[in-house]
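Raw protein.cif, mmCIF, C-alpha atoms and all ligand atoms:
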```
data_target
#
loop_
_atom_site.label_atom_id
_atom_site.label_comp_id
_atom_site.auth_asym_id
_atom_site.auth_seq_id
_atom_site.Cartn_x
_atom_site.Cartn_y
_atom_site.Cartn_z
CA MET M 1 15.09 -5.81 39.22
CA SER M 2 17.28 -2.78 38.57
CA ASP M 3 15.85 0.29 36.85
CA ASP M 4 18.18 0.00 33.88
CA LYS M 5 16.90 -3.49 32.98
CA PRO M 6 13.11 -3.50 33.41
CA THR M 7 11.09 -6.49 32.22
CA LEU M 8 9.38 -6.32 28.84
CA THR M 9 6.34 -8.27 27.75
CA ILE M 10 5.70 -8.52 24.00
CA ALA M 11 2.28 -9.66 22.71
CA LEU M 12 1.90 -11.36 19.35
CA SER M 13 -0.13 -14.02 17.61
CA LYS M 14 1.11 -17.37 16.43
CA GLY M 15 1.05 -18.31 12.77
CA ARG M 16 2.28 -15.93 10.09
CA ILE M 17 3.03 -13.01 12.40
CA PHE M 18 5.12 -15.09 14.80
CA GLU M 19 6.95 -16.82 11.94
CA GLN M 20 7.71 -13.60 10.10
CA ALA M 21 8.64 -11.71 13.30
CA LEU M 22 11.17 -14.38 14.36
CA PRO M 23 14.02 -13.17 12.10
CA LEU M 24 13.44 -9.56 13.20
CA LEU M 25 13.45 -10.55 16.87
CA ALA M 26 16.59 -12.62 16.26
CA ALA M 27 18.30 -9.57 14.74
CA ALA M 28 17.45 -7.76 17.99
CA ASP M 29 19.02 -10.77 19.81
CA LEU M 30 15.70 -12.10 21.10
CA HIS M 31 15.15 -15.84 20.75
CA PRO M 32 11.98 -17.49 22.10
CA SER M 33 12.58 -20.60 24.19
CA GLU M 34 9.82 -22.53 22.45
CA ASP M 35 7.77 -22.70 19.28
CA PRO M 36 4.14 -21.68 19.94
CA GLU M 37 2.95 -24.08 17.19
CA SER M 38 4.11 -27.08 19.19
CA SER M 39 3.89 -25.69 22.72
CA ARG M 40 0.58 -25.01 24.43
CA LYS M 41 2.15 -22.36 26.59
CA LEU M 42 0.72 -18.86 26.28
CA ILE M 43 3.75 -17.24 27.92
CA LEU M 44 7.10 -17.95 26.32
CA ALA M 45 10.45 -17.14 27.88
CA THR M 46 13.28 -15.83 25.73
CA ASN M 47 17.07 -15.95 25.96
CA ASP M 48 16.80 -12.58 27.76
CA PRO M 49 15.52 -13.23 31.30
CA CYS M 50 13.88 -9.78 31.25
CA VAL M 51 11.84 -10.36 28.08
CA LYS M 52 8.85 -12.65 27.63
CA LEU M 53 6.35 -13.19 24.85
CA VAL M 54 2.61 -13.66 25.29
CA ILE M 55 0.86 -15.56 22.51
CA ILE M 56 -2.71 -14.37 21.89
CA ARG M 57 -5.33 -13.95 19.16
CA ALA M 58 -4.25 -11.42 16.52
CA SER M 59 -7.25 -9.22 17.20
CA ASP M 60 -6.56 -9.18 20.96
CA VAL M 61 -3.01 -7.80 20.68
CA PRO M 62 -3.97 -4.06 20.73
CA THR M 63 -6.14 -4.63 23.81
CA TYR M 64 -3.31 -6.25 25.81
CA VAL M 65 -0.96 -3.43 24.84
CA GLU M 66 -3.44 -0.62 25.44
CA TYR M 67 -4.16 -1.87 28.97
CA GLY M 68 -0.47 -2.45 29.71
CA ALA M 69 -0.75 -6.23 30.11
CA ALA M 70 1.95 -6.21 27.44
CA ASP M 71 4.45 -3.37 26.95
CA LEU M 72 4.76 -3.96 23.24
CA GLY M 73 2.90 -5.90 20.59
CA ILE M 74 2.92 -6.88 16.94
CA ALA M 75 -0.40 -6.38 15.19
CA GLY M 76 -1.69 -6.16 11.63
CA LYS M 77 -2.73 -2.70 10.42
CA ASP M 78 -6.15 -4.26 9.66
CA VAL M 79 -6.55 -5.09 13.34
CA LEU M 80 -5.29 -1.65 14.41
CA LEU M 81 -7.75 0.11 12.08
CA GLU M 82 -10.59 -1.82 13.70
CA HIS M 83 -9.31 -1.28 17.25
CA GLY M 84 -8.70 2.46 16.86
CA GLY M 85 -5.22 3.80 17.51
CA ASP M 86 -5.78 6.32 20.31
CA GLY M 87 -4.52 4.31 23.29
CA LEU M 88 -1.29 3.16 21.64
CA TYR M 89 1.92 4.28 20.01
CA GLU M 90 2.72 2.78 16.62
CA PRO M 91 6.41 3.59 16.08
CA LEU M 92 7.40 1.07 13.44
CA ASP M 93 6.11 -0.65 10.32
CA LEU M 94 7.66 -4.14 10.51
CA ARG M 95 6.75 -4.80 6.84
CA ILE M 96 5.74 -8.40 7.58
CA ALA M 97 2.44 -10.23 6.93
CA ARG M 98 1.82 -7.94 3.97
CA CYS M 99 -1.42 -8.04 2.05
CA ARG M 100 -4.15 -5.69 0.83
CA LEU M 101 -7.57 -4.84 2.21
CA MET M 102 -9.95 -5.06 -0.73
CA VAL M 103 -13.55 -4.98 -1.81
CA ALA M 104 -14.29 -8.21 -3.69
CA GLY M 105 -17.29 -9.88 -5.23
CA ARG M 106 -18.56 -11.91 -8.14
CA PRO M 107 -17.14 -10.81 -11.50
CA ASP M 108 -20.51 -9.30 -12.48
CA ALA M 109 -21.03 -7.53 -9.13
CA SER M 110 -21.87 -3.84 -9.14
CA LEU M 111 -20.04 -1.43 -6.88
CA GLU M 112 -23.01 0.92 -7.05
CA PRO M 113 -26.41 0.39 -5.46
CA THR M 114 -28.89 -1.05 -7.98
CA ALA M 115 -32.54 -0.19 -8.42
CA ALA M 116 -33.45 -3.64 -7.14
CA ARG M 117 -31.64 -3.16 -3.88
CA GLY M 118 -31.19 0.30 -2.41
CA ARG M 119 -28.13 -0.22 -0.27
CA LEU M 120 -25.30 -2.58 -1.09
CA ARG M 121 -24.80 -5.32 1.46
CA ILE M 122 -21.17 -5.77 2.50
CA ALA M 123 -20.08 -8.80 4.52
CA THR M 124 -16.85 -8.37 6.47
CA LYS M 125 -14.84 -8.89 9.62
CA TYR M 126 -13.55 -5.32 9.11
CA VAL M 127 -16.65 -3.32 9.94
CA ARG M 128 -15.01 0.02 10.69
CA SER M 129 -12.71 -0.03 7.68
CA ALA M 130 -15.56 -1.04 5.38
CA GLU M 131 -17.86 1.65 6.75
CA ARG M 132 -15.14 4.28 6.39
CA HIS M 133 -14.32 3.21 2.83
CA PHE M 134 -17.89 3.42 1.55
CA ALA M 135 -18.66 6.57 3.54
CA ALA M 136 -15.65 8.25 1.89
CA LYS M 137 -17.27 7.44 -1.47
CA GLY M 138 -20.53 8.94 -0.22
CA GLN M 139 -22.22 5.54 -0.21
CA GLN M 140 -24.49 4.28 2.54
CA VAL M 141 -24.13 0.52 2.79
CA GLU M 142 -25.45 -2.23 5.00
CA ILE M 143 -22.58 -3.95 6.81
CA ILE M 144 -22.97 -7.58 7.84
CA LYS M 145 -20.41 -8.61 10.45
CA LEU M 146 -18.80 -12.01 9.88
CA TYR M 147 -15.92 -13.69 11.71
CA GLY M 148 -14.42 -15.66 8.81
CA SER M 149 -14.92 -17.36 5.43
CA MET M 150 -16.21 -14.10 3.97
CA GLU M 151 -15.81 -15.55 0.42
CA LEU M 152 -18.89 -17.69 0.94
CA SER M 153 -21.20 -14.78 1.55
CA PRO M 154 -21.78 -13.49 -2.05
CA LEU M 155 -22.10 -17.09 -3.29
CA VAL M 156 -25.10 -17.81 -1.11
CA GLY M 157 -26.70 -14.39 -1.42
CA LEU M 158 -25.87 -13.14 2.05
CA SER M 159 -24.12 -10.08 0.64
CA ASP M 160 -23.39 -8.28 -2.64
CA LEU M 161 -19.74 -7.72 -1.82
CA ILE M 162 -17.14 -8.54 0.80
CA VAL M 163 -14.30 -6.57 2.34
CA ASP M 164 -11.38 -8.87 3.12
CA LEU M 165 -7.62 -9.26 3.11
CA VAL M 166 -6.14 -10.43 -0.17
CA GLU M 167 -2.61 -11.73 -0.63
CA SER M 168 -2.37 -13.61 -3.95
CA GLY M 169 -6.08 -13.60 -4.76
CA GLY M 170 -6.03 -17.40 -4.83
CA THR M 171 -8.76 -17.85 -2.23
CA LEU M 172 -11.04 -15.38 -4.03
CA LYS M 173 -10.41 -17.11 -7.36
CA ALA M 174 -11.05 -20.56 -5.91
CA ASN M 175 -14.48 -19.29 -4.92
CA GLY M 176 -15.30 -17.52 -8.19
CA LEU M 177 -14.71 -14.03 -6.78
CA VAL M 178 -12.51 -11.20 -8.02
CA PRO M 179 -10.89 -8.20 -6.32
CA LEU M 180 -12.82 -5.04 -7.26
CA GLU M 181 -11.46 -2.14 -5.24
CA HIS M 182 -8.30 -1.53 -3.25
CA ILE M 183 -8.90 -0.07 0.21
CA GLY M 184 -5.39 -0.09 1.67
CA ASP M 185 -2.05 -1.82 2.01
CA ILE M 186 -1.69 -3.87 5.18
CA SER M 187 1.42 -4.89 7.11
CA SER M 188 2.17 -5.61 10.74
CA ARG M 189 3.17 -2.80 13.07
CA LEU M 190 5.08 -2.63 16.33
CA ILE M 191 2.81 -1.07 18.93
CA VAL M 192 3.80 0.24 22.36
CA ASN M 193 1.88 0.94 25.55
CA LYS M 194 1.97 4.67 26.30
CA ALA M 195 3.02 4.31 29.96
CA ALA M 196 5.73 1.76 29.08
CA TRP M 197 7.07 4.20 26.47
CA LYS M 198 7.67 6.71 29.28
CA MET M 199 8.55 4.45 32.21
CA LYS M 200 10.77 1.99 30.33
CA HIS M 201 11.95 4.48 27.76
CA ALA M 202 15.55 3.34 27.26
CA ARG M 203 14.63 -0.34 27.08
CA VAL M 204 11.67 0.22 24.76
CA THR M 205 13.42 2.60 22.38
CA GLY M 206 16.47 0.32 22.34
CA LEU M 207 14.26 -2.51 21.12
CA VAL M 208 12.40 -0.28 18.64
CA GLU M 209 15.70 0.87 17.11
CA ALA M 210 17.10 -2.67 16.94
CA LEU M 211 13.93 -3.79 15.14
CA ARG M 212 14.05 -0.74 12.87
CA ALA M 213 17.61 -1.64 11.85
CA ALA M 214 16.48 -5.22 11.16
CA VAL M 215 13.54 -4.04 9.03
CA GLU M 216 15.70 -1.60 7.07
CA GLY M 217 18.31 -4.31 6.58
CA ASN M 218 15.59 -6.43 4.98
CA ALA M 219 14.36 -3.64 2.73
P1 LIG R 1 -7.87 -15.16 14.15
O1 LIG R 1 -7.45 -16.54 13.73
O2 LIG R 1 -7.61 -14.86 15.59
O3 LIG R 1 -9.22 -14.74 13.66
P2 LIG R 1 -6.45 -14.04 11.98
O4 LIG R 1 -7.10 -15.00 11.06
O5 LIG R 1 -6.58 -12.58 11.67
O6 LIG R 1 -6.86 -14.18 13.47
P3 LIG R 1 -3.87 -14.61 10.99
O7 LIG R 1 -4.47 -15.30 9.82
O8 LIG R 1 -2.65 -15.15 11.64
O9 LIG R 1 -4.92 -14.43 12.12
O10 LIG R 1 -3.60 -13.11 10.55
C1 LIG R 1 -2.86 -12.26 11.37
C2 LIG R 1 -2.58 -11.00 10.59
O11 LIG R 1 -1.82 -11.30 9.43
C3 LIG R 1 -3.82 -10.27 10.08
O12 LIG R 1 -4.31 -9.39 11.06
C4 LIG R 1 -3.27 -9.54 8.87
O13 LIG R 1 -2.64 -8.35 9.25
C5 LIG R 1 -2.23 -10.51 8.33
N1 LIG R 1 -2.76 -11.39 7.30
C6 LIG R 1 -3.93 -12.05 7.30
N2 LIG R 1 -4.10 -12.76 6.18
C7 LIG R 1 -3.02 -12.54 5.43
C8 LIG R 1 -2.57 -13.00 4.15
N3 LIG R 1 -3.28 -13.82 3.41
N4 LIG R 1 -1.36 -12.59 3.73
C9 LIG R 1 -0.60 -11.79 4.46
N5 LIG R 1 -0.97 -11.31 5.67
C10 LIG R 1 -2.15 -11.68 6.15
MG MG R 2 -6.56 -15.77 9.17
#
```

Spell out the structure here as structure tokens.
Ligand code: ATP
Ligand code: MG
Amino acid sequence: MSDDKPTLTIALSKGRIFEQALPLLAAADLHPSEDPESSRKLILATNDPCVKLVIIRASDVPTYVEYGAADLGIAGKDVLLEHGGDGLYEPLDLRIARCRLMVAGRPDASLEPTAARGRLRIATKYVRSAERHFAAKGQQVEIIKLYGSMELSPLVGLSDLIVDLVESGGTLKANGLVPLEHIGDISSRLIVNKAAWKMKHARVTGLVEALRAAVEGNA
């Protein structure tokens, strides 16, 4: 392998991120050889013999990139906020997989602690973001870590509120919940391993700029 054409490994998850990243990758002239929905392969070749994709859980993408198992990755800001951004560069907002991180609950839910219960109970997959949000309001809350189906939790009395991603609000509504407080806007970001940024600088920045042009073209 010559120095001017080092290999690049890009980590991303299948589902909405893969689907929405495809047109951006195509604009950067990268075309995966297979569809991860139908293939069981975890490593996908592309039309560029020096570029491969690794297909992993959304929440594992920052870990692969931080440790250099992948040079680049595509990860939701929600996942990056939980992971902590220190070990990574985040040069580009890809503006895909957009949604909002919100506090939600039953329509009659209180956002303040009640006399009956000292601390509000918050069920969420996003423990750090939830803690930070309530701490910024000066509120001590009890966080209950869940891995999915957060909407169930207030219905069965596990929690007073949830912190979850909301796109249309349809899932909340279907479960009798309403959005109550906006925590932040979420979209997927391009992330880069710090060593790869230095060692493969021309290749990495070439790809970042091609993706930036594709994102701005879509704006
Ligand atoms: P896993 O299945 O591994 O638990 P996940 O459920 O987070 O992961 P996806 O549902 O594919 O996996 O979500 C990947 C990313 O897409 C999330 O991290 C978030 O940034 C974004 N996302 C999640 N839900 C929505 C949504 N309803 N609308 C838009 N973007 C979303
Ligand atoms: Mg999901």

Q) Taking (5.8, -13.0, 14.2) in the file's coordinates, which residues come within 12 Å, counting all atoms listed in the file, written as JSON, numbers by chain? A) {"M": [10, 11, 12, 13, 14, 15, 16, 17, 18, 19, 20, 21, 22, 23, 24, 25, 26, 31, 32, 35, 36, 37, 53, 54, 55, 56, 58, 73, 74, 75, 76, 94, 95, 96, 97, 187, 188, 189, 190]}

Q. For ligand MG 2 (chain R), which of M:Glu66, M:Glu181, M:Glu131, M:Asp78 is the closest residue, counting all atoms listed in the file?
A. M:Asp78

Padding of 6 Å on every side, edges along x, y and z, all listed atoms of segment 35-42 of chain M included: what centre and edge lengths in Å, to one decimal, does that box have, as lines of an AutoDock Vina configuration file?
```
center_x = 4.2
center_y = -23.0
center_z = 21.9
size_x = 19.2
size_y = 20.2
size_z = 21.4
```

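Across M:Ser59, M:Ser149, M:Thr9, M:Thr114, the tightest approach to Thr46 of chain M is made by M:Thr9 when counting only C-alpha atoms.
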
So that I can check the surroundings of Ala196 of chain M, please list as a tab-separated table (two decimals) with C-alpha atoms, in the coordinates of the input every protein, DNA and RNA residue that reaches within 8 Å of it, counting only C-alpha atoms and ignoring chain neighbours fewer than 6 positions away.
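The result, written out as around-v3.tsv:
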```
chain	number	residue	atom	x	y	z
M	68	GLY	CA	-0.47	-2.45	29.71
M	71	ASP	CA	4.45	-3.37	26.95
M	204	VAL	CA	11.67	0.22	24.76
```

Please provide as a PDB file with C-alpha atoms, in the frame of the given file all residues within 10 Å of His182 of chain M, with the sequence filter that same-chain residues fewer than 6 positions apart are discarded (counting all atoms listed in the file).
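Written output follows (around_26.pdb):
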```pdb
ATOM      1  CA  ARG M 100      -4.150  -5.690   0.830  1.00  0.00           C
ATOM      2  CA  LEU M 101      -7.570  -4.840   2.210  1.00  0.00           C
ATOM      3  CA  MET M 102      -9.950  -5.060  -0.730  1.00  0.00           C
ATOM      4  CA  VAL M 103     -13.550  -4.980  -1.810  1.00  0.00           C
ATOM      5  CA  ALA M 104     -14.290  -8.210  -3.690  1.00  0.00           C
ATOM      6  CA  HIS M 133     -14.320   3.210   2.830  1.00  0.00           C
ATOM      7  CA  VAL M 163     -14.300  -6.570   2.340  1.00  0.00           C
ATOM      8  CA  VAL M 166      -6.140 -10.430  -0.170  1.00  0.00           C
TER       9      VAL M 166
END
```

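Comparing M:Met199, M:Ala123, M:Val192, M:Val61 by their smallest distance to ligand LIG 1 (chain R), the closest is M:Val61 (using all atoms listed in the file).
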
Q | Spatial neighbours of segment 126-129 of chain M, 7 Å, all atoms listed in the file, chain gap at least 5 places, as number ranges by chain | A | M: 81-82, 143, 145, 163

If you keep C-alpha atoms, can you produce a file of those selected residues as a compact mmCIF listing (two decimals), in the coordinates of the input?
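See result34.txt below for the written result:
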```txt
# COMPACT_ATOMS: atom_id res chain seq x y z
CA LEU M 81 -7.75 0.11 12.08
CA GLU M 82 -10.59 -1.82 13.70
CA ILE M 143 -22.58 -3.95 6.81
CA LYS M 145 -20.41 -8.61 10.45
CA VAL M 163 -14.30 -6.57 2.34
```

Q. If you measure from atom O3 of ligand LIG 1 (chain R) to atom CA of Asp185 of chain M, what distance in Å do you get, rounded to one decimal?
A. 18.8 Å

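Using only C-alpha atoms and all ligand atoms, the shortest contact distance between ligand LIG 1 (chain R) and any of M:Ala45, M:Leu146, M:Ala195, M:Leu30 is found at M:Leu146.
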
(Q) For a quick check of understanding, using all atoms listed in the file, which of M:Leu177, M:Ile186, M:Ala135, M:Leu165 has the smallest distance to ligand MG 2 (chain R)? (A) M:Leu165

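Distance check against ligand MG 2 (chain R) using only C-alpha atoms and all ligand atoms: of M:Leu8, M:Leu88, M:Ala27, M:Val79, the minimum falls on M:Val79.
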
Q: Enter the distance from atom O8 of ligand LIG 1 (chain R) to atom CA of Ser168 of chain M, in Å, rounded to one decimal.
A: 15.7 Å

(Q) Can you tell me which residues surround Gly176 of chain M at a distance of at most 8 Å, considering only C-alpha atoms, apart from same-chain residues fewer than 3 positions away, and format the answer as a PyMOL selection string? (A) chain M and resi 106-107+172-173

Missing atoms in segment 92-103 of chain M: fill them in up to all heavy atoms and send the result as a compact mmCIF listing (two decimals), keeping the file's coordinate frame.
```
# COMPACT_ATOMS: atom_id res chain seq x y z
N LEU M 92 6.63 1.75 14.48
CA LEU M 92 7.40 1.07 13.44
C LEU M 92 6.55 0.14 12.59
O LEU M 92 5.81 -0.70 13.12
CB LEU M 92 8.53 0.28 14.12
CG LEU M 92 9.52 -0.47 13.24
CD1 LEU M 92 10.28 0.47 12.31
CD2 LEU M 92 10.50 -1.26 14.11
N ASP M 93 6.69 0.29 11.27
CA ASP M 93 6.11 -0.65 10.32
C ASP M 93 7.11 -1.80 10.15
O ASP M 93 8.22 -1.58 9.65
CB ASP M 93 5.86 0.07 8.98
CG ASP M 93 5.19 -0.83 7.95
OD1 ASP M 93 5.07 -2.05 8.19
OD2 ASP M 93 4.78 -0.30 6.91
N LEU M 94 6.73 -2.99 10.57
CA LEU M 94 7.66 -4.14 10.51
C LEU M 94 7.71 -4.76 9.11
O LEU M 94 8.54 -5.62 8.86
CB LEU M 94 7.26 -5.19 11.55
CG LEU M 94 7.37 -4.72 13.01
CD1 LEU M 94 6.69 -5.72 13.94
CD2 LEU M 94 8.84 -4.55 13.41
N ARG M 95 6.78 -4.36 8.24
CA ARG M 95 6.75 -4.80 6.84
C ARG M 95 6.63 -6.32 6.69
O ARG M 95 7.12 -6.90 5.72
CB ARG M 95 7.96 -4.25 6.07
CG ARG M 95 8.06 -2.73 6.23
CD ARG M 95 9.22 -2.15 5.49
NE ARG M 95 9.05 -2.36 4.06
CZ ARG M 95 9.82 -1.83 3.13
NH1 ARG M 95 10.80 -1.04 3.47
NH2 ARG M 95 9.61 -2.07 1.87
N ILE M 96 6.00 -6.95 7.67
CA ILE M 96 5.74 -8.40 7.58
C ILE M 96 4.24 -8.62 7.45
O ILE M 96 3.45 -7.69 7.65
CB ILE M 96 6.28 -9.16 8.82
CG1 ILE M 96 5.66 -8.64 10.12
CG2 ILE M 96 7.81 -9.07 8.87
CD1 ILE M 96 5.99 -9.48 11.35
N ALA M 97 3.85 -9.85 7.11
CA ALA M 97 2.44 -10.23 6.93
C ALA M 97 1.73 -9.20 6.04
O ALA M 97 0.70 -8.63 6.40
CB ALA M 97 1.73 -10.37 8.28
N ARG M 98 2.33 -8.98 4.87
CA ARG M 98 1.82 -7.94 3.97
C ARG M 98 0.72 -8.48 3.07
O ARG M 98 0.82 -9.57 2.53
CB ARG M 98 2.96 -7.38 3.13
CG ARG M 98 3.92 -6.58 3.99
CD ARG M 98 5.21 -6.32 3.28
NE ARG M 98 5.07 -5.15 2.43
CZ ARG M 98 6.12 -4.53 1.91
NH1 ARG M 98 7.35 -4.96 2.13
NH2 ARG M 98 5.94 -3.46 1.16
N CYS M 99 -0.31 -7.69 2.94
CA CYS M 99 -1.42 -8.04 2.05
C CYS M 99 -2.21 -6.75 1.79
O CYS M 99 -1.73 -5.67 2.15
CB CYS M 99 -2.31 -9.10 2.71
SG CYS M 99 -2.87 -8.69 4.37
N ARG M 100 -3.36 -6.87 1.15
CA ARG M 100 -4.15 -5.69 0.83
C ARG M 100 -5.57 -5.87 1.35
O ARG M 100 -6.12 -6.98 1.29
CB ARG M 100 -4.18 -5.45 -0.68
CG ARG M 100 -2.86 -4.91 -1.22
CD ARG M 100 -2.75 -5.09 -2.71
NE ARG M 100 -2.76 -6.51 -3.02
CZ ARG M 100 -3.24 -7.05 -4.13
NH1 ARG M 100 -3.74 -6.29 -5.07
NH2 ARG M 100 -3.22 -8.35 -4.31
N LEU M 101 -6.16 -4.81 1.85
CA LEU M 101 -7.57 -4.84 2.21
C LEU M 101 -8.35 -4.42 0.97
O LEU M 101 -8.08 -3.36 0.40
CB LEU M 101 -7.84 -3.88 3.38
CG LEU M 101 -9.24 -3.96 4.00
CD1 LEU M 101 -9.48 -5.32 4.66
CD2 LEU M 101 -9.44 -2.84 5.03
N MET M 102 -9.28 -5.29 0.54
CA MET M 102 -9.95 -5.06 -0.73
C MET M 102 -11.45 -5.29 -0.64
O MET M 102 -11.92 -6.07 0.19
CB MET M 102 -9.39 -6.02 -1.80
CG MET M 102 -7.90 -5.92 -1.94
SD MET M 102 -7.25 -5.88 -3.62
CE MET M 102 -8.41 -5.08 -4.61
N VAL M 103 -12.16 -4.62 -1.54
CA VAL M 103 -13.55 -4.98 -1.81
C VAL M 103 -13.50 -6.06 -2.89
O VAL M 103 -12.76 -5.93 -3.86
CB VAL M 103 -14.35 -3.78 -2.34
CG1 VAL M 103 -15.80 -4.18 -2.61
CG2 VAL M 103 -14.27 -2.60 -1.38
```
